[in-house]
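Here is query_8.txt, consisting of compact mmCIF, C-alpha atoms:
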```txt
# COMPACT_ATOMS: atom_id res chain seq x y z
CA MET L 1 165.01 186.00 29.59
CA LYS L 2 167.40 185.56 32.52
CA VAL L 3 170.41 183.55 33.53
CA ILE L 4 169.79 181.40 36.59
CA ASN L 5 172.19 181.29 39.56
CA THR L 6 173.12 178.16 41.53
CA GLN L 7 170.35 178.52 44.10
CA GLN L 8 167.78 178.92 41.36
CA ALA L 9 169.21 175.87 39.63
CA ARG L 10 168.51 173.77 42.72
CA ILE L 11 164.94 175.03 42.68
CA GLY L 12 164.78 174.16 38.97
CA LEU L 13 165.95 170.60 39.63
CA ALA L 14 163.28 170.22 42.28
CA GLY L 15 160.82 171.32 39.64
CA VAL L 16 162.09 168.58 37.36
CA LEU L 17 161.25 165.97 39.96
CA THR L 18 157.78 167.46 40.40
CA ALA L 19 157.28 167.48 36.64
CA GLY L 20 158.29 163.83 36.51
CA MET L 21 155.60 162.91 39.02
CA LEU L 22 153.03 164.90 37.08
CA ALA L 23 154.07 163.18 33.86
CA ALA L 24 153.08 159.85 35.36
CA ALA L 25 149.51 161.09 35.49
CA GLY L 26 149.45 162.14 31.84
CA PRO L 27 151.40 164.03 29.15
CA VAL L 28 152.40 167.61 29.89
CA VAL L 29 153.14 170.10 27.13
CA ALA L 30 156.34 171.99 27.97
CA GLN L 31 155.94 175.76 27.85
CA GLU L 32 158.89 176.67 30.09
CA MET L 33 162.15 175.01 29.10
CA ARG L 34 165.77 174.92 30.25
CA TYR L 35 168.98 175.19 28.20
CA ALA L 36 172.25 173.98 29.76
CA VAL L 37 175.37 175.54 28.22
CA GLY L 38 178.10 174.17 30.50
CA LEU L 39 180.34 177.16 29.73
CA PRO L 40 180.82 180.53 31.49
CA GLU L 41 178.35 183.36 31.16
CA THR L 42 181.03 185.24 29.20
CA SER L 43 181.17 182.54 26.49
CA TYR L 44 179.79 183.36 23.05
CA ASN L 45 177.94 180.04 23.25
CA THR L 46 175.95 181.46 26.16
CA ASP L 47 175.13 184.44 23.94
CA ALA L 48 174.04 182.03 21.19
CA ALA L 49 171.77 180.24 23.67
CA ARG L 50 170.19 183.58 24.60
CA PHE L 51 169.72 184.39 20.91
CA PHE L 52 168.02 180.99 20.47
CA ALA L 53 165.77 181.66 23.48
CA ASP L 54 164.84 185.10 22.18
CA GLU L 55 163.87 183.68 18.78
CA ILE L 56 161.63 181.09 20.43
CA ALA L 57 160.01 183.63 22.75
CA LYS L 58 159.48 186.09 19.89
CA ASN L 59 157.55 183.55 17.80
CA SER L 60 155.60 181.59 20.43
CA ASP L 61 154.37 181.56 24.02
CA MET L 62 157.28 179.30 25.03
CA THR L 63 160.11 180.49 27.25
CA LEU L 64 163.64 179.12 27.50
CA GLU L 65 165.83 179.81 30.54
CA VAL L 66 169.58 179.73 29.95
CA TYR L 67 171.91 178.16 32.52
CA PRO L 68 175.63 178.77 31.87
CA LEU L 69 177.51 176.71 34.49
CA SER L 70 174.90 176.34 37.20
CA LEU L 71 172.92 173.35 35.92
CA LEU L 72 175.19 170.87 34.07
CA THR L 73 178.87 170.73 33.15
CA LEU L 74 180.00 169.92 29.61
CA GLY L 75 180.56 166.30 30.61
CA GLU L 76 177.11 166.02 32.15
CA ILE L 77 175.04 167.58 29.38
CA PRO L 78 174.26 164.55 27.13
CA GLY L 79 173.07 162.52 30.12
CA GLY L 80 171.26 165.52 31.56
CA VAL L 81 169.36 166.12 28.31
CA ARG L 82 168.60 162.39 28.10
CA ASP L 83 167.18 162.35 31.64
CA GLY L 84 165.24 165.61 31.35
CA LEU L 85 167.37 167.70 33.71
CA ALA L 86 167.61 170.10 30.78
CA ASP L 87 165.36 170.39 27.75
CA PHE L 88 168.27 171.59 25.58
CA GLY L 89 171.99 171.18 25.88
CA PHE L 90 175.19 172.35 24.23
CA SER L 91 176.66 168.92 23.49
CA LEU L 92 180.27 168.26 22.48
CA PHE L 93 180.27 164.86 20.76
CA PRO L 94 184.08 164.42 20.72
CA TYR L 95 183.98 164.22 24.53
CA PHE L 96 182.14 160.92 24.00
CA PRO L 97 184.00 159.20 21.14
CA ALA L 98 182.38 155.77 21.44
CA GLU L 99 178.85 156.81 22.43
CA PHE L 100 178.59 159.27 19.52
CA SER L 101 180.94 157.61 17.03
CA GLU L 102 178.58 158.22 14.10
CA LEU L 103 178.32 161.94 14.82
CA ASN L 104 182.06 162.23 15.40
CA LEU L 105 182.88 160.94 11.91
CA PRO L 106 182.00 164.21 10.11
CA ALA L 107 183.73 166.16 12.89
CA ASN L 108 186.94 164.27 12.14
CA LEU L 109 186.74 165.29 8.49
CA SER L 110 186.53 169.04 9.09
CA TRP L 111 190.12 169.45 7.86
CA LEU L 112 188.66 168.96 4.37
CA ALA L 113 186.83 172.28 4.72
CA SER L 114 189.80 174.25 6.01
CA SER L 115 193.37 173.36 5.01
CA GLY L 116 193.90 174.02 1.29
CA SER L 117 190.19 173.64 0.45
CA GLY L 118 189.64 177.06 -1.08
CA ALA L 119 186.72 177.66 1.29
CA ARG L 120 185.92 181.32 1.91
CA TRP L 121 183.87 180.47 4.99
CA PRO L 122 185.02 177.01 6.19
CA GLY L 123 183.10 177.20 9.48
CA ALA L 124 179.83 178.04 7.76
CA ALA L 125 180.45 175.25 5.25
CA MET L 126 180.98 172.66 7.99
CA ILE L 127 177.89 173.82 9.88
CA GLY L 128 175.84 173.13 6.76
CA ALA L 129 177.58 169.87 5.84
CA SER L 130 177.34 168.47 9.38
CA ALA L 131 173.68 169.37 9.82
CA GLU L 132 172.69 168.01 6.40
CA TYR L 133 174.56 164.77 7.05
CA VAL L 134 173.17 164.13 10.53
CA MET L 135 169.61 165.28 9.89
CA LEU L 136 169.01 163.99 6.37
CA ASN L 137 171.65 161.38 5.46
CA CYS L 138 172.65 159.39 8.54
CA PRO L 139 170.12 156.94 10.04
CA ASP L 140 172.89 155.54 12.25
CA CYS L 141 173.44 159.03 13.70
CA GLN L 142 169.75 159.23 14.49
CA ALA L 143 169.87 155.83 16.19
CA GLN L 144 172.68 156.96 18.49
CA LEU L 145 170.78 160.14 19.32
CA GLU L 146 167.64 158.16 20.07
CA GLY L 147 169.70 156.04 22.47
CA PHE L 148 170.35 159.25 24.41
CA ASN L 149 166.67 160.29 24.19
CA THR L 150 167.87 163.26 22.13
CA VAL L 151 166.81 165.17 19.02
CA TYR L 152 169.54 166.92 17.01
CA LEU L 153 168.48 170.33 15.70
CA ALA L 154 171.62 172.25 14.74
CA SER L 155 175.37 172.12 14.21
CA GLY L 156 178.03 174.53 15.42
CA ALA L 157 181.65 175.35 14.64
CA ALA L 158 184.37 176.85 16.81
CA VAL L 159 186.86 178.20 14.30
CA GLN L 160 190.40 179.54 13.70
CA TYR L 161 192.06 177.32 16.29
CA GLY L 162 195.52 178.07 17.60
CA LEU L 163 197.81 177.08 20.46
CA ALA L 164 197.63 179.01 23.75
CA CYS L 165 200.93 178.19 25.44
CA ASN L 166 203.42 178.86 28.19
CA THR L 167 206.16 177.58 25.86
CA PRO L 168 206.14 179.52 22.56
CA VAL L 169 205.38 177.53 19.41
CA ASN L 170 206.93 179.52 16.57
CA THR L 171 206.85 176.66 14.06
CA LEU L 172 205.34 173.20 13.84
CA ASP L 173 208.69 171.73 14.87
CA ASP L 174 208.34 173.40 18.30
CA ILE L 175 205.39 171.12 19.13
CA ALA L 176 207.76 168.18 19.62
CA GLY L 177 207.98 167.19 23.28
CA LEU L 178 205.13 169.41 24.47
CA ARG L 179 202.05 168.27 26.41
CA VAL L 180 199.09 169.79 24.60
CA ARG L 181 195.47 169.65 25.66
CA THR L 182 193.20 168.74 22.75
CA GLY L 183 189.42 168.65 22.77
CA ALA L 184 188.89 166.39 19.76
CA ALA L 185 190.52 163.32 18.26
CA ASP L 186 191.60 165.05 15.05
CA SER L 187 193.51 167.80 16.88
CA GLY L 188 195.05 165.10 19.10
CA ARG L 189 196.34 163.28 16.02
CA PHE L 190 197.71 166.55 14.70
CA ILE L 191 199.72 167.18 17.87
CA GLU L 192 201.09 163.64 17.90
CA PHE L 193 201.92 163.80 14.18
CA PHE L 194 204.28 166.68 14.94
CA GLY L 195 205.85 165.03 17.99
CA GLY L 196 203.79 166.32 20.90
CA THR L 197 201.74 164.45 23.48
CA SER L 198 197.96 164.89 23.30
CA VAL L 199 196.24 165.37 26.67
CA ALA L 200 192.46 164.93 26.76
CA ILE L 201 190.81 167.06 29.44
CA SER L 202 187.53 168.94 29.56
CA GLY L 203 187.33 172.58 28.53
CA ASN L 204 186.36 173.36 32.12
CA GLU L 205 189.81 172.17 33.26
CA ILE L 206 192.06 174.07 30.84
CA TYR L 207 192.69 177.12 33.02
CA ASP L 208 193.94 175.10 36.00
CA ALA L 209 196.03 172.76 33.84
CA LEU L 210 197.83 175.67 32.17
CA SER L 211 198.31 177.58 35.42
CA THR L 212 199.85 174.56 37.19
CA GLY L 213 202.03 173.51 34.25
CA ASN L 214 200.29 170.17 33.81
CA ILE L 215 200.07 171.10 30.13
CA ASP L 216 202.29 173.34 28.01
CA CYS L 217 199.64 174.39 25.48
CA THR L 218 196.00 173.96 24.58
CA THR L 219 194.26 173.99 21.20
CA VAL L 220 191.56 176.67 21.40
CA PRO L 221 190.00 179.44 19.33
CA PRO L 222 191.38 182.89 20.21
CA GLU L 223 188.18 184.06 21.92
CA THR L 224 188.89 181.75 24.87
CA LEU L 225 191.87 183.94 25.76
CA VAL L 226 189.23 186.37 27.06
CA GLY L 227 186.08 184.27 27.40
CA MET L 228 187.77 181.60 29.52
CA ARG L 229 190.41 184.02 30.92
CA LEU L 230 193.25 181.98 29.44
CA MET L 231 195.27 185.17 28.89
CA GLU L 232 195.86 185.08 32.66
CA VAL L 233 197.74 181.78 32.40
CA ALA L 234 199.18 181.74 28.85
CA ASP L 235 201.83 184.08 27.46
CA SER L 236 201.86 183.14 23.76
CA PHE L 237 199.30 182.24 21.12
CA SER L 238 200.24 180.56 17.83
CA HIS L 239 197.43 181.69 15.55
CA LEU L 240 196.15 179.10 13.06
CA ILE L 241 198.31 176.26 14.36
CA PRO L 242 196.56 173.89 13.77
CA GLY L 243 194.10 176.31 12.19
CA ASN L 244 191.29 173.80 11.94
CA MET L 245 187.95 173.94 13.76
CA PHE L 246 185.92 172.05 16.32
CA THR L 247 182.70 170.92 14.65
CA GLY L 248 181.44 167.98 16.68
CA ILE L 249 178.83 170.18 18.31
CA GLY L 250 175.14 169.55 18.85
CA ILE L 251 174.47 173.19 19.60
CA ALA L 252 170.75 172.66 20.23
CA ASN L 253 170.35 169.03 21.26
CA MET L 254 166.85 168.60 22.67
CA ASN L 255 165.23 166.11 25.02
CA ARG L 256 163.14 163.78 22.86
CA ASP L 257 160.17 163.74 25.24
CA THR L 258 160.04 167.53 25.38
CA TRP L 259 160.17 167.69 21.57
CA ALA L 260 157.39 165.12 21.23
CA GLY L 261 155.28 167.03 23.77
CA LEU L 262 155.23 170.17 21.65
CA SER L 263 152.64 170.84 18.96
CA GLU L 264 153.86 170.69 15.38
CA GLU L 265 153.58 174.47 15.20
CA LYS L 266 155.82 174.88 18.23
CA ARG L 267 158.31 172.32 16.92
CA GLN L 268 158.56 174.42 13.78
CA VAL L 269 159.30 177.53 15.85
CA VAL L 270 162.09 175.68 17.66
CA LEU L 271 163.47 174.31 14.38
CA ASP L 272 163.47 177.74 12.73
CA ALA L 273 165.35 179.19 15.70
CA ALA L 274 167.84 176.32 15.55
CA ALA L 275 168.52 176.99 11.86
CA GLN L 276 169.89 180.40 12.86
CA MET L 277 171.71 179.47 16.04
CA GLY L 278 174.92 177.88 14.80
CA ILE L 279 175.68 180.55 12.23
CA ASN L 280 174.87 183.30 14.74
CA ALA L 281 177.47 181.82 17.08
CA TRP L 282 179.99 181.48 14.22
CA ILE L 283 179.62 185.13 13.17
CA ASN L 284 180.01 186.25 16.78
CA VAL L 285 183.09 184.10 17.44
CA ARG L 286 184.93 185.44 14.40
CA GLY L 287 184.63 188.97 15.75
CA LEU L 288 185.52 187.84 19.26
CA ASN L 289 188.58 185.98 17.96
CA GLN L 290 190.09 189.13 16.52
CA ALA L 291 189.22 191.21 19.57
CA ALA L 292 190.83 188.60 21.83
CA LEU L 293 194.03 188.52 19.76
CA ASP L 294 194.22 192.31 19.98
CA ALA L 295 193.68 192.27 23.77
CA PHE L 296 196.20 189.46 24.26
CA SER L 297 198.84 191.34 22.27
CA SER L 298 198.10 194.64 24.02
CA ALA L 299 198.70 192.91 27.36
CA GLY L 300 202.28 192.23 26.27
CA ASN L 301 201.84 188.63 25.17
CA SER L 302 203.12 187.10 21.93
CA VAL L 303 200.84 186.40 18.96
CA ILE L 304 202.69 184.12 16.55
CA THR L 305 201.45 183.89 12.95
CA VAL L 306 201.72 180.60 11.10
CA SER L 307 204.10 180.71 8.13
CA GLU L 308 203.16 179.72 4.57
CA ALA L 309 205.56 176.78 4.82
CA ASP L 310 203.80 175.47 7.92
CA GLN L 311 200.40 176.05 6.31
CA ALA L 312 201.49 173.71 3.51
CA ARG L 313 202.63 171.11 6.06
CA ILE L 314 199.26 171.35 7.82
CA ALA L 315 197.46 170.75 4.50
CA THR L 316 199.65 167.68 3.90
CA PHE L 317 198.75 166.35 7.34
CA ALA L 318 195.04 166.83 6.60
CA GLN L 319 195.25 164.66 3.49
CA GLU L 320 197.29 161.94 5.21
CA ASP L 321 194.93 161.93 8.18
CA LEU L 322 192.00 160.74 6.06
CA ALA L 323 193.35 157.17 6.04
CA VAL L 324 193.74 157.29 9.83
CA VAL L 325 190.14 158.41 10.24
CA ARG L 326 188.90 155.57 8.03
CA SER L 327 190.85 152.97 9.99
CA GLN L 328 190.02 154.33 13.43
CA PHE L 329 186.29 154.55 12.94
CA ALA L 330 186.08 151.12 11.31
CA ASP L 331 188.42 149.24 13.65
CA THR L 332 188.23 151.06 16.98
CA TYR L 333 184.60 152.21 17.02
CA GLY L 334 183.06 149.60 14.74
CA VAL L 335 181.27 152.11 12.55
CA PRO L 336 179.76 150.19 9.61
CA ASN L 337 180.13 151.25 5.99
CA VAL L 338 182.83 153.81 6.82
CA ASP L 339 184.02 154.23 3.23
CA GLU L 340 180.50 154.99 2.00
CA LYS L 341 179.87 157.42 4.86
CA ILE L 342 183.15 159.25 4.26
CA GLU L 343 182.23 159.56 0.59
CA VAL L 344 178.84 161.08 1.51
CA ILE L 345 180.38 163.49 4.04
CA THR L 346 183.15 164.53 1.64
CA GLY L 347 180.57 165.23 -1.05
CA LEU L 348 178.53 167.36 1.37
CA ILE L 349 181.61 169.30 2.48
CA ASN L 350 182.44 170.09 -1.15
CA LYS L 351 178.82 171.02 -1.80
CA TRP L 352 178.75 173.42 1.15
CA ILE L 353 182.10 174.98 0.30
CA GLY L 354 180.58 175.84 -3.08
CA LEU L 355 177.32 177.15 -1.60
CA THR L 356 178.92 179.28 1.09
CA ASN L 357 181.60 180.62 -1.24
CA GLU L 358 178.78 182.39 -3.09
CA VAL L 359 178.04 184.46 0.04
CA GLU L 360 179.93 187.73 -0.34
CA GLU L 361 179.46 189.25 3.11
CA MET L 362 179.42 187.60 6.52
CA GLU L 363 175.70 188.19 7.13
CA LEU L 364 173.34 185.98 9.10
CA ALA L 365 170.42 186.12 6.65
CA ALA L 366 172.42 184.93 3.66
CA PHE L 367 173.66 181.80 5.42
CA VAL L 368 170.31 181.05 7.07
CA GLU L 369 168.63 181.17 3.66
CA LEU L 370 171.02 178.44 2.49
CA TYR L 371 170.42 176.28 5.55
CA GLN L 372 166.65 176.66 5.27
CA ARG L 373 166.62 175.85 1.56
CA GLU L 374 169.02 172.90 1.62
CA ILE L 375 168.22 171.33 5.02
CA TYR L 376 165.44 172.65 7.22
CA SER L 377 162.75 172.94 4.54
CA LYS L 378 163.17 169.18 4.03
CA ILE L 379 162.47 168.23 7.64
CA ASP L 380 158.94 167.13 8.54
CA VAL L 381 158.29 168.17 12.13
CA ALA L 382 155.44 165.66 12.31
CA THR L 383 157.90 162.79 12.10
CA TYR L 384 161.44 164.04 12.73
CA GLY L 385 162.64 162.90 16.16
CA ILE L 386 159.30 161.18 16.73
CA GLN L 387 159.59 157.99 14.68
```
Translate the structure of the given file into structure tokens.
Amino acid sequence: MKVINTQQARIGLAGVLTAGMLAAAGPVVAQEMRYAVGLPETSYNTDAARFFADEIAKNSDMTLEVYPLSLLTLGEIPGGVRDGLADFGFSLFPYFPAEFSELNLPANLSWLASSGSGARWPGAAMIGASAEYVMLNCPDCQAQLEGFNTVYLASGAAVQYGLACNTPVNTLDDIAGLRVRTGAADSGRFIEFFGGTSVAISGNEIYDALSTGNIDCTTVPPETLVGMRLMEVADSFSHLIPGNMFTGIGIANMNRDTWAGLSEEKRQVVLDAAAQMGINAWINVRGLNQAALDAFSSAGNSVITVSEADQARIATFAQEDLAVVRSQFADTYGVPNVDEKIEVITGLINKWIGLTNEVEEMELAAFVELYQREIYSKIDVATYGIQ
């Protein structure tokens, strides 16, 4: 496998146009596919894409080329997957709150798996709960995905969020008056709850916004201090404020036509690889988070640890936020049957907290066995994403 540079990407796009003309003459089975990450080559999500590609290549004659930033940006990926510019894409649903309102509902409930939940592995729990909800329990999610000519194959979770800042946040009270970049609606509500101003910009724009002072802080997992070079433009990191996670991720969203063009055997290979992808990324990011905190501190920057008192205040916010989620998704986005959907999602989160709490060590195989048993074994590749 290889990572394609910008010049190669242009050649790849020309190939897309050629493939489109060939498709008019008859169906073509895709053997060589493209994955758009929209993040730097140094990102752990690029590593997860390479892991996914290796699993596919190891178990079939298919190949998957990984494009970090050279094919599509984060904002372009859903449309690019829809239009066939990429066969797979790393899709961040919270960037598109109205278009993917159904898929953003479980993402806005991820506090229930973190703050005061008793979850040993909250990220792993939300990966399972999100995937089970979208793939097996949410026809309205599937309808939105079909509208984007997309098949959802796996969930992801960026975990252990904190505040990378130029103005130190020692306690929750220090958020008041600050301009904070947030990548999801729930973290935006958190910032505003404690008196800050939420600023919605793409992850690709964080570095410049911090360096120019357009924002005071950004909510990010620690690994971005190194992976996105934020340690060059931030001098403090408040670890676990807010402490939640970003879970509105379609980590292996696939073009529907490409999926339909594969044999059932090859669809199964892709699905089996997808079952491992999100948890592989989660295991990697936990290690990278600690390494980044160590590097940030060694460079003379401040790592601020959230107090027990502020942890309790964060848990209180999480409970109060549930009513806001219910109102917003019903009134602003017009999501039908919100109460029933929240009840289903909450039940799945509790289920997956229980399942993942039984895993003693942070090992890929143990989590994948759960995902296969509870979710992927119940998916019929003859019909899923086809009808």
Using only C-alpha atoms, which residues sit within 7 Å of segment 285-301 of chain L once same-chain residues fewer than 4 positions away are excluded, as a list in words? Tyr44, Pro221, Pro222, Glu223, Leu225, Val226, Met231, Asp235, Ser236 and Ala281 of chain L
Distance atom CA of Phe194 of chain L-atom CA of Leu210 of chain L, one decimal place? 20.5 Å
Find the residues near segment 248-258 of chain L: any atom within 8 Å, counting only C-alpha atoms, skip ones fewer than 5 places away on the same chain, and give them as a PyMOL selection string. chain L and resi 29-30+81-84+86-94+103-104+106-107+146+149-157+274+277-278+385-386
So that I can see what lies close to Leu322 of chain L, please list as a list in words the residues with an atom at most 9 Å from it, counting only C-alpha atoms and leaving out residues fewer than 5 positions away in the same chain. Asn108, Leu109, Phe317 and Ser327 of chain L
All residues 8 Å or closer to Ala234 of chain L, all atoms listed in the file, same chain fewer than 5 positions away omitted, as an NGL selection string: :L and (164-166 or 210-211)
Enter the distance from atom CA of Val220 of chain L to atom CA of Leu163 of chain L, in Å, rounded to one decimal.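 So the answer is 6.3 Å.
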Using only C-alpha atoms, find the one residue out of L:Gln142, L:Thr219, L:Asn59, L:Ser302 that sits nearest to Leu240 of chain L.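 Distance minimum relative to Leu240 of chain L lands on L:Thr219.
What separates atom CA of Asn284 of chain L from atom CA of Arg34 of chain L is a distance of 22.6 Å.
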Residue among L:Leu271, L:Leu105, L:Met245, L:Ile314 lying closest to Ile342 of chain L, counting all atoms listed in the file: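 Among the listed residues, L:Leu105 lies closest to Ile342 of chain L.
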L:Ala119, L:Ala57, L:Leu71, L:Ala129: which is nearest Ala36 of chain L, counting all atoms listed in the file?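 Closest candidate: L:Leu71.
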May I ask which of the residues L:Thr212, L:Thr73, L:Thr332, L:Leu178 is the closest one to Val199 of chain L, counting only C-alpha atoms?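 That would be L:Leu178, the residue with the smallest distance to Val199 of chain L.
Each of L:Asp61, L:Glu41, L:Asp174, L:Asp208 was checked against Gly196 of chain L using all atoms listed in the file; the smallest atom-to-atom distance is that of L:Asp174.
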For Phe190 of chain L, which of L:Glu360, L:Glu308, L:Glu102, L:Glu320 is the closest residue, counting only C-alpha atoms?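 Of L:Glu360, L:Glu308, L:Glu102, L:Glu320, the one nearest Phe190 of chain L, counting only C-alpha atoms, is L:Glu320.
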Nearby residues (only C-alpha atoms) at most 10 Å from Ser377 of chain L, same-chain spacing under 5 positions excluded, as a list of chain:residue names: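 These residues fall inside the cut-off: L:Leu271, L:Asp272, L:Tyr371, L:Gln372.
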Please return, as number ranges by chain, all polymer residues that have at least one atom within 6 Å of the point (163.1, 179.4, 19.6); use all atoms listed in the file and the file's own coordinate frame. L: 52-53, 55-56, 269-270, 273
